[in-house]
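Note: the block below is query05.cif and it holds mmCIF, C-alpha atoms.
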data_work
loop_
_atom_site.group_PDB
_atom_site.id
_atom_site.type_symbol
_atom_site.label_atom_id
_atom_site.label_comp_id
_atom_site.auth_asym_id
_atom_site.auth_seq_id
_atom_site.Cartn_x
_atom_site.Cartn_y
_atom_site.Cartn_z
ATOM 1 C CA MET A 1 0.013 13.684 3.426
ATOM 2 C CA ASP A 2 -2.220 14.781 0.533
ATOM 3 C CA LYS A 3 -3.153 11.220 -0.479
ATOM 4 C CA GLN A 4 -4.143 10.320 3.082
ATOM 5 C CA THR A 5 -5.976 13.621 3.459
ATOM 6 C CA VAL A 6 -7.978 12.984 0.291
ATOM 7 C CA THR A 7 -8.744 9.405 1.359
ATOM 8 C CA LEU A 8 -10.035 10.540 4.754
ATOM 9 C CA LEU A 9 -12.057 13.409 3.323
ATOM 10 C CA LYS A 10 -13.662 11.152 0.720
ATOM 11 C CA GLU A 11 -14.579 8.632 3.424
ATOM 12 C CA CYS A 12 -16.171 11.413 5.486
ATOM 13 C CA ASN A 13 -17.988 12.754 2.435
ATOM 14 C CA ALA A 14 -19.391 9.335 1.497
ATOM 15 C CA GLY A 15 -20.372 8.669 5.116
ATOM 16 C CA CYS A 16 -22.285 11.941 5.315
ATOM 17 C CA LYS A 17 -24.088 11.216 2.059
ATOM 18 C CA MET A 18 -25.031 7.734 3.255
ATOM 19 C CA ALA A 19 -26.349 9.130 6.551
ATOM 20 C CA ILE A 20 -28.371 11.865 4.843
ATOM 21 C CA ASN A 21 -29.813 9.376 2.368
ATOM 22 C CA SER A 22 -30.782 6.986 5.167
ATOM 23 C CA MET A 23 -32.442 9.723 7.195
ATOM 24 C CA GLU A 24 -34.402 10.888 4.164
ATOM 25 C CA ARG A 25 -35.626 7.334 3.475
ATOM 26 C CA LEU A 26 -36.597 6.829 7.117
ATOM 27 C CA SER A 27 -38.511 10.097 7.259
ATOM 28 C CA ASP A 28 -41.268 8.478 5.150
ATOM 29 C CA PHE A 29 -41.956 6.074 8.031
ATOM 30 C CA LEU A 30 -41.886 8.543 10.931
ATOM 31 C CA MET A 31 -44.987 8.859 13.045
ATOM 32 C CA ASN A 32 -43.342 10.420 16.093
ATOM 33 C CA GLY A 33 -42.974 14.216 15.861
ATOM 34 C CA GLU A 34 -40.120 14.363 18.364
ATOM 35 C CA LEU A 35 -38.156 11.702 16.491
ATOM 36 C CA GLU A 36 -38.834 13.507 13.226
ATOM 37 C CA GLN A 37 -37.426 16.756 14.656
ATOM 38 C CA THR A 38 -34.372 14.918 15.983
ATOM 39 C CA LEU A 39 -33.705 13.418 12.552
ATOM 40 C CA THR A 40 -34.131 16.800 10.885
ATOM 41 C CA THR A 41 -31.520 18.272 13.228
ATOM 42 C CA TYR A 42 -29.016 15.495 12.568
ATOM 43 C CA LYS A 43 -29.645 15.569 8.831
ATOM 44 C CA GLU A 44 -28.724 19.271 8.843
ATOM 45 C CA GLN A 45 -25.575 18.546 10.867
ATOM 46 C CA HIS A 46 -24.552 15.868 8.374
ATOM 47 C CA LYS A 47 -25.222 18.249 5.473
ATOM 48 C CA LYS A 48 -22.894 20.829 7.056
ATOM 49 C CA LEU A 49 -20.184 18.204 7.517
ATOM 50 C CA GLU A 50 -20.683 17.043 3.931
ATOM 51 C CA GLU A 51 -20.321 20.626 2.688
ATOM 52 C CA GLU A 52 -17.176 21.061 4.777
ATOM 53 C CA SER A 53 -15.672 17.887 3.306
ATOM 54 C CA GLU A 54 -16.583 19.031 -0.226
ATOM 55 C CA LYS A 55 -14.915 22.400 0.393
ATOM 56 C CA LEU A 56 -11.716 20.788 1.665
ATOM 57 C CA LEU A 57 -11.678 18.339 -1.244
ATOM 58 C CA THR A 58 -12.198 21.157 -3.758
ATOM 59 C CA GLU A 59 -9.237 23.005 -2.255
ATOM 60 C CA LEU A 60 -7.160 19.908 -3.030
ATOM 61 C CA GLY A 61 -8.512 19.664 -6.585
ATOM 62 C CA GLU A 62 -10.669 16.655 -5.766
ATOM 63 C CA SER A 63 -14.383 15.942 -5.650
ATOM 64 C CA GLY A 64 -16.632 14.085 -3.237
ATOM 65 C CA GLN A 65 -17.256 10.387 -3.233
ATOM 66 C CA GLN A 66 -20.497 8.484 -3.530
ATOM 67 C CA PRO A 67 -21.181 5.797 -0.934
ATOM 68 C CA ASP A 68 -20.194 2.283 -1.925
ATOM 69 C CA LYS A 69 -22.980 1.011 -4.197
ATOM 70 C CA ILE A 70 -23.149 -2.427 -2.582
ATOM 71 C CA ALA A 71 -23.340 -0.967 0.937
ATOM 72 C CA ALA A 72 -25.966 1.553 -0.149
ATOM 73 C CA ALA A 73 -28.099 -1.127 -1.840
ATOM 74 C CA PHE A 74 -27.825 -3.421 1.167
ATOM 75 C CA SER A 75 -28.804 -0.574 3.462
ATOM 76 C CA LEU A 76 -31.820 0.289 1.334
ATOM 77 C CA ILE A 77 -33.061 -3.296 1.142
ATOM 78 C CA THR A 78 -32.492 -3.915 4.856
ATOM 79 C CA THR A 79 -34.284 -0.710 5.806
ATOM 80 C CA GLU A 80 -37.268 -1.349 3.569
ATOM 81 C CA VAL A 81 -37.700 -4.970 4.679
ATOM 82 C CA LYS A 82 -37.410 -4.169 8.380
ATOM 83 C CA LEU A 83 -39.843 -1.283 8.148
ATOM 84 C CA MET A 84 -42.374 -3.320 6.164
ATOM 85 C CA VAL A 85 -42.423 -5.769 9.046
ATOM 86 C CA LYS A 86 -42.476 -3.191 11.836
ATOM 87 C CA ASP A 87 -42.565 0.552 11.206
ATOM 88 C CA ASP A 88 -42.412 2.083 14.657
ATOM 89 C CA SER A 89 -40.028 4.463 16.410
ATOM 90 C CA THR A 90 -38.179 1.601 18.094
ATOM 91 C CA GLN A 91 -37.342 -0.021 14.766
ATOM 92 C CA ILE A 92 -36.286 3.302 13.261
ATOM 93 C CA ALA A 93 -34.051 4.020 16.270
ATOM 94 C CA LYS A 94 -32.424 0.586 15.939
ATOM 95 C CA LEU A 95 -31.768 1.103 12.226
ATOM 96 C CA LEU A 96 -30.234 4.520 12.900
ATOM 97 C CA MET A 97 -28.085 3.169 15.718
ATOM 98 C CA ASN A 98 -26.805 0.375 13.467
ATOM 99 C CA GLY A 99 -25.986 2.920 10.767
ATOM 100 C CA CYS A 100 -24.191 5.151 13.268
ATOM 101 C CA ASN A 101 -22.159 2.208 14.484
ATOM 102 C CA MET A 102 -21.093 1.344 10.940
ATOM 103 C CA GLY A 103 -20.209 4.980 10.270
ATOM 104 C CA ILE A 104 -18.135 5.270 13.451
ATOM 105 C CA GLN A 105 -16.251 2.102 12.561
ATOM 106 C CA SER A 106 -15.645 3.178 8.965
ATOM 107 C CA ILE A 107 -14.400 6.676 9.823
ATOM 108 C CA SER A 108 -12.313 5.491 12.789
ATOM 109 C CA GLU A 109 -10.686 2.777 10.678
ATOM 110 C CA CYS A 110 -9.886 5.303 7.960
ATOM 111 C CA MET A 111 -8.408 7.744 10.512
ATOM 112 C CA ASN A 112 -6.171 4.949 11.821
ATOM 113 C CA LYS A 113 -5.046 4.086 8.279
ATOM 114 C CA CYS A 114 -4.363 7.751 7.460
ATOM 115 C CA PRO A 115 -2.308 9.030 10.420
ATOM 116 C CA ASP A 116 -0.545 11.616 8.250
ATOM 117 C CA ALA A 117 -3.763 13.216 6.971
ATOM 118 C CA SER A 118 -4.059 16.961 7.450
ATOM 119 C CA HIS A 119 -5.195 18.417 10.741
ATOM 120 C CA GLY A 120 -8.318 19.778 9.045
ATOM 121 C CA SER A 121 -9.374 16.389 7.665
ATOM 122 C CA ILE A 122 -8.753 14.652 10.993
ATOM 123 C CA SER A 123 -10.722 17.355 12.772
ATOM 124 C CA LEU A 124 -13.633 16.873 10.368
ATOM 125 C CA ALA A 125 -13.524 13.093 10.828
ATOM 126 C CA LYS A 126 -13.599 13.507 14.609
ATOM 127 C CA LYS A 127 -16.586 15.868 14.329
ATOM 128 C CA LEU A 128 -18.395 13.295 12.223
ATOM 129 C CA VAL A 129 -17.661 10.509 14.721
ATOM 130 C CA LYS A 130 -18.904 12.693 17.591
ATOM 131 C CA CYS A 131 -22.066 13.499 15.631
ATOM 132 C CA GLU A 132 -22.702 9.781 15.050
ATOM 133 C CA GLU A 133 -22.045 8.985 18.710
ATOM 134 C CA LYS A 134 -24.469 11.701 19.835
ATOM 135 C CA LEU A 135 -27.135 10.504 17.393
ATOM 136 C CA MET A 136 -26.751 6.968 18.750
ATOM 137 C CA GLU A 137 -27.110 8.263 22.288
ATOM 138 C CA ASP A 138 -30.208 10.281 21.384
ATOM 139 C CA MET A 139 -31.833 7.218 19.795
ATOM 140 C CA LYS A 140 -31.672 5.204 23.018
ATOM 141 C CA LYS A 141 -34.792 6.866 24.402
ATOM 142 C CA TYR A 142 -36.830 5.445 21.509
ATOM 143 C CA LEU A 143 -35.896 1.828 22.246
#
Let's see the structure in the file written out as structure tokens.
Amino acid sequence: MDKQTVTLLKECNAGCKMAINSMERLSDFLMNGELEQTLTTYKEQHKKLEEESEKLLTELGESGQQPDKIAAAFSLITTEVKLMVKDDSTQIAKLLMNGCNMGIQSISECMNKCPDASHGSISLAKKLVKCEEKLMEDMKKYL
């Protein structure tokens, strides 16, 4: 159970860090005050989930995980190129929705591969998936 728990928590931790990083990068391009407030709210939610994953990992004698370097670099390049071409709320919403979709897939896949993970880690992963789903839903109005 502990190995699967650690694996799931590290995936959640890396996913939160990736989301926070993406939202911080996108904030430089925001021109819509409502969208900016929405991103601020979700960034705070992801920070809380990241802190929760760090706490659970620390209790197991582990530390957090950085997002995959290749995925992070690809995300950065894709974001920058797309926003250089078109930096409006619609494009930002699309980028966020794509990121949410990747996060949902990654966390859900990890949960399926770690069925014996602790209740606490599964609960955290489900909270993260719900957060991503809600963010995706909230972005639809900017399309």
Evaluate the PyMOL selection byres ((chain A and resi 110-118) around 8) and record the selected residues as a PyMOL selection string, following the chain and residue labels used in the document. chain A and resi 1-8+11+106-109+119-122+125
Which protein, DNA or RNA residues have an atom at most 12 Å from (-15.7, 12.2, -1.7), counting only C-alpha atoms? List them as a ChimeraX atom specification. /A:5-18,49-58,60-68
What is the atom CA of A:Met136-atom CA of A:Ile20 distance in Å, reported with one decimal?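 Here the two named atoms are 14.8 Å from each other.
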Would you mind reading off the distance between atom CA of A:Met23 and atom CA of A:Lys47, one decimal, in Å?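 Pair atom CA of A:Met23 / atom CA of A:Lys47 returns 11.3 Å.
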Contacts of A:Leu35 at 8 Å (all atoms listed in the file; same-chain gap of 4+ positions) as a list in words: Leu30, Leu39 and Ser89 of chain A
Kindly indicate which residue among A:Leu124, A:Ala19, A:Val129, A:Met97 lies nearest to A:Leu143, using only C-alpha atoms for the distances. A:Met97
Could you tell me how far atom CA of A:Gln91 sits from atom CA of A:Leu128, in Å to one decimal place?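 A separation of 23.3 Å between them.
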Would you mind telling me which residue in A:Ser123, A:Lys140, A:Asp88, A:Leu135 lies nearest to A:Asn101 when using all atoms listed in the file?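 Using all atoms listed in the file, A:Asn101 sits closest to A:Leu135.
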List as a ChimeraX atom specification: which residues have an atom within 12 Å of (-37.6, 8.1, 6.9), counting all atoms listed in the file? /A:19-32,35-40,43,76,79-80,83,87-89,91-93,95-96
Find the residue from A:Glu133, A:Tyr142, A:Thr90, A:Glu44 that sits nearest to A:Ile104; use all atoms listed in the file when measuring.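 Of A:Glu133, A:Tyr142, A:Thr90, A:Glu44, the one nearest A:Ile104, counting all atoms listed in the file, is A:Glu133.
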Please determine, counting all atoms listed in the file, which residue among A:Thr41, A:His46, A:Glu132, A:Lys126 has the shortest atom-to-atom distance to A:Asn98.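 Under the stated criterion, the closest residue is A:Glu132.
Distance check against A:Gln45 using all atoms listed in the file: of A:Met139, A:Gln105, A:Lys134, A:Gly33, the minimum falls on A:Lys134.
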Could you add whatever atoms are missing so that stretch 7-29 of chain A carries N, CA, C and O atoms, then write the result as an mmCIF file, in the coordinates of the input?
data_model
loop_
_atom_site.group_PDB
_atom_site.id
_atom_site.type_symbol
_atom_site.label_atom_id
_atom_site.label_comp_id
_atom_site.auth_asym_id
_atom_site.auth_seq_id
_atom_site.Cartn_x
_atom_site.Cartn_y
_atom_site.Cartn_z
ATOM 1 N N THR A 7 -8.079 10.657 0.995
ATOM 2 C CA THR A 7 -8.744 9.405 1.359
ATOM 3 C C THR A 7 -9.688 9.617 2.536
ATOM 4 O O THR A 7 -10.852 9.191 2.511
ATOM 5 N N LEU A 8 -9.214 10.301 3.567
ATOM 6 C CA LEU A 8 -10.035 10.540 4.754
ATOM 7 C C LEU A 8 -11.216 11.455 4.442
ATOM 8 O O LEU A 8 -12.346 11.194 4.865
ATOM 9 N N LEU A 9 -10.963 12.492 3.685
ATOM 10 C CA LEU A 9 -12.057 13.409 3.323
ATOM 11 C C LEU A 9 -13.119 12.713 2.477
ATOM 12 O O LEU A 9 -14.314 12.949 2.656
ATOM 13 N N LYS A 10 -12.701 11.873 1.552
ATOM 14 C CA LYS A 10 -13.662 11.152 0.720
ATOM 15 C C LYS A 10 -14.485 10.170 1.555
ATOM 16 O O LYS A 10 -15.681 10.005 1.316
ATOM 17 N N GLU A 11 -13.847 9.546 2.532
ATOM 18 C CA GLU A 11 -14.579 8.632 3.424
ATOM 19 C C GLU A 11 -15.619 9.405 4.240
ATOM 20 O O GLU A 11 -16.758 8.955 4.396
ATOM 21 N N CYS A 12 -15.232 10.560 4.737
ATOM 22 C CA CYS A 12 -16.171 11.413 5.486
ATOM 23 C C CYS A 12 -17.316 11.872 4.590
ATOM 24 O O CYS A 12 -18.486 11.836 4.990
ATOM 25 N N ASN A 13 -16.985 12.274 3.384
ATOM 26 C CA ASN A 13 -17.988 12.754 2.435
ATOM 27 C C ASN A 13 -18.998 11.651 2.114
ATOM 28 O O ASN A 13 -20.213 11.874 2.150
ATOM 29 N N ALA A 14 -18.504 10.461 1.815
ATOM 30 C CA ALA A 14 -19.391 9.335 1.497
ATOM 31 C C ALA A 14 -20.233 8.962 2.715
ATOM 32 O O ALA A 14 -21.428 8.663 2.579
ATOM 33 N N GLY A 15 -19.635 8.989 3.896
ATOM 34 C CA GLY A 15 -20.372 8.669 5.116
ATOM 35 C C GLY A 15 -21.506 9.649 5.370
ATOM 36 O O GLY A 15 -22.618 9.252 5.750
ATOM 37 N N CYS A 16 -21.239 10.920 5.149
ATOM 38 C CA CYS A 16 -22.285 11.941 5.315
ATOM 39 C C CYS A 16 -23.416 11.724 4.327
ATOM 40 O O CYS A 16 -24.599 11.788 4.695
ATOM 41 N N LYS A 17 -23.061 11.444 3.082
ATOM 42 C CA LYS A 17 -24.088 11.216 2.059
ATOM 43 C C LYS A 17 -24.944 10.005 2.397
ATOM 44 O O LYS A 17 -26.166 10.027 2.234
ATOM 45 N N MET A 18 -24.307 8.950 2.885
ATOM 46 C CA MET A 18 -25.031 7.734 3.255
ATOM 47 C C MET A 18 -25.990 8.036 4.414
ATOM 48 O O MET A 18 -27.146 7.602 4.399
ATOM 49 N N ALA A 19 -25.517 8.787 5.393
ATOM 50 C CA ALA A 19 -26.349 9.130 6.551
ATOM 51 C C ALA A 19 -27.545 9.982 6.127
ATOM 52 O O ALA A 19 -28.683 9.722 6.535
ATOM 53 N N ILE A 20 -27.293 10.986 5.313
ATOM 54 C CA ILE A 20 -28.371 11.865 4.843
ATOM 55 C C ILE A 20 -29.404 11.061 4.065
ATOM 56 O O ILE A 20 -30.606 11.190 4.286
ATOM 57 N N ASN A 21 -28.921 10.214 3.171
ATOM 58 C CA ASN A 21 -29.813 9.376 2.368
ATOM 59 C C ASN A 21 -30.660 8.476 3.259
ATOM 60 O O ASN A 21 -31.867 8.341 3.053
ATOM 61 N N SER A 22 -30.054 7.871 4.252
ATOM 62 C CA SER A 22 -30.782 6.986 5.167
ATOM 63 C C SER A 22 -31.841 7.753 5.941
ATOM 64 O O SER A 22 -32.973 7.288 6.098
ATOM 65 N N MET A 23 -31.481 8.921 6.431
ATOM 66 C CA MET A 23 -32.442 9.723 7.195
ATOM 67 C C MET A 23 -33.613 10.168 6.318
ATOM 68 O O MET A 23 -34.755 10.192 6.774
ATOM 69 N N GLU A 24 -33.329 10.494 5.071
ATOM 70 C CA GLU A 24 -34.402 10.888 4.164
ATOM 71 C C GLU A 24 -35.339 9.721 3.891
ATOM 72 O O GLU A 24 -36.557 9.888 3.850
ATOM 73 N N ARG A 25 -34.791 8.519 3.697
ATOM 74 C CA ARG A 25 -35.626 7.334 3.475
ATOM 75 C C ARG A 25 -36.470 7.026 4.706
ATOM 76 O O ARG A 25 -37.645 6.686 4.591
ATOM 77 N N LEU A 26 -35.875 7.140 5.880
ATOM 78 C CA LEU A 26 -36.597 6.829 7.117
ATOM 79 C C LEU A 26 -37.686 7.845 7.423
ATOM 80 O O LEU A 26 -38.675 7.510 8.071
ATOM 81 N N SER A 27 -37.522 9.061 6.950
ATOM 82 C CA SER A 27 -38.511 10.097 7.259
ATOM 83 C C SER A 27 -39.898 9.735 6.730
ATOM 84 O O SER A 27 -40.912 10.164 7.286
ATOM 85 N N ASP A 28 -39.977 8.913 5.688
ATOM 86 C CA ASP A 28 -41.268 8.478 5.150
ATOM 87 C C ASP A 28 -42.039 7.608 6.141
ATOM 88 O O ASP A 28 -43.251 7.471 6.027
ATOM 89 N N PHE A 29 -41.336 7.004 7.093
ATOM 90 C CA PHE A 29 -41.956 6.074 8.031
ATOM 91 C C PHE A 29 -42.189 6.684 9.417
ATOM 92 O O PHE A 29 -42.713 6.019 10.298
#
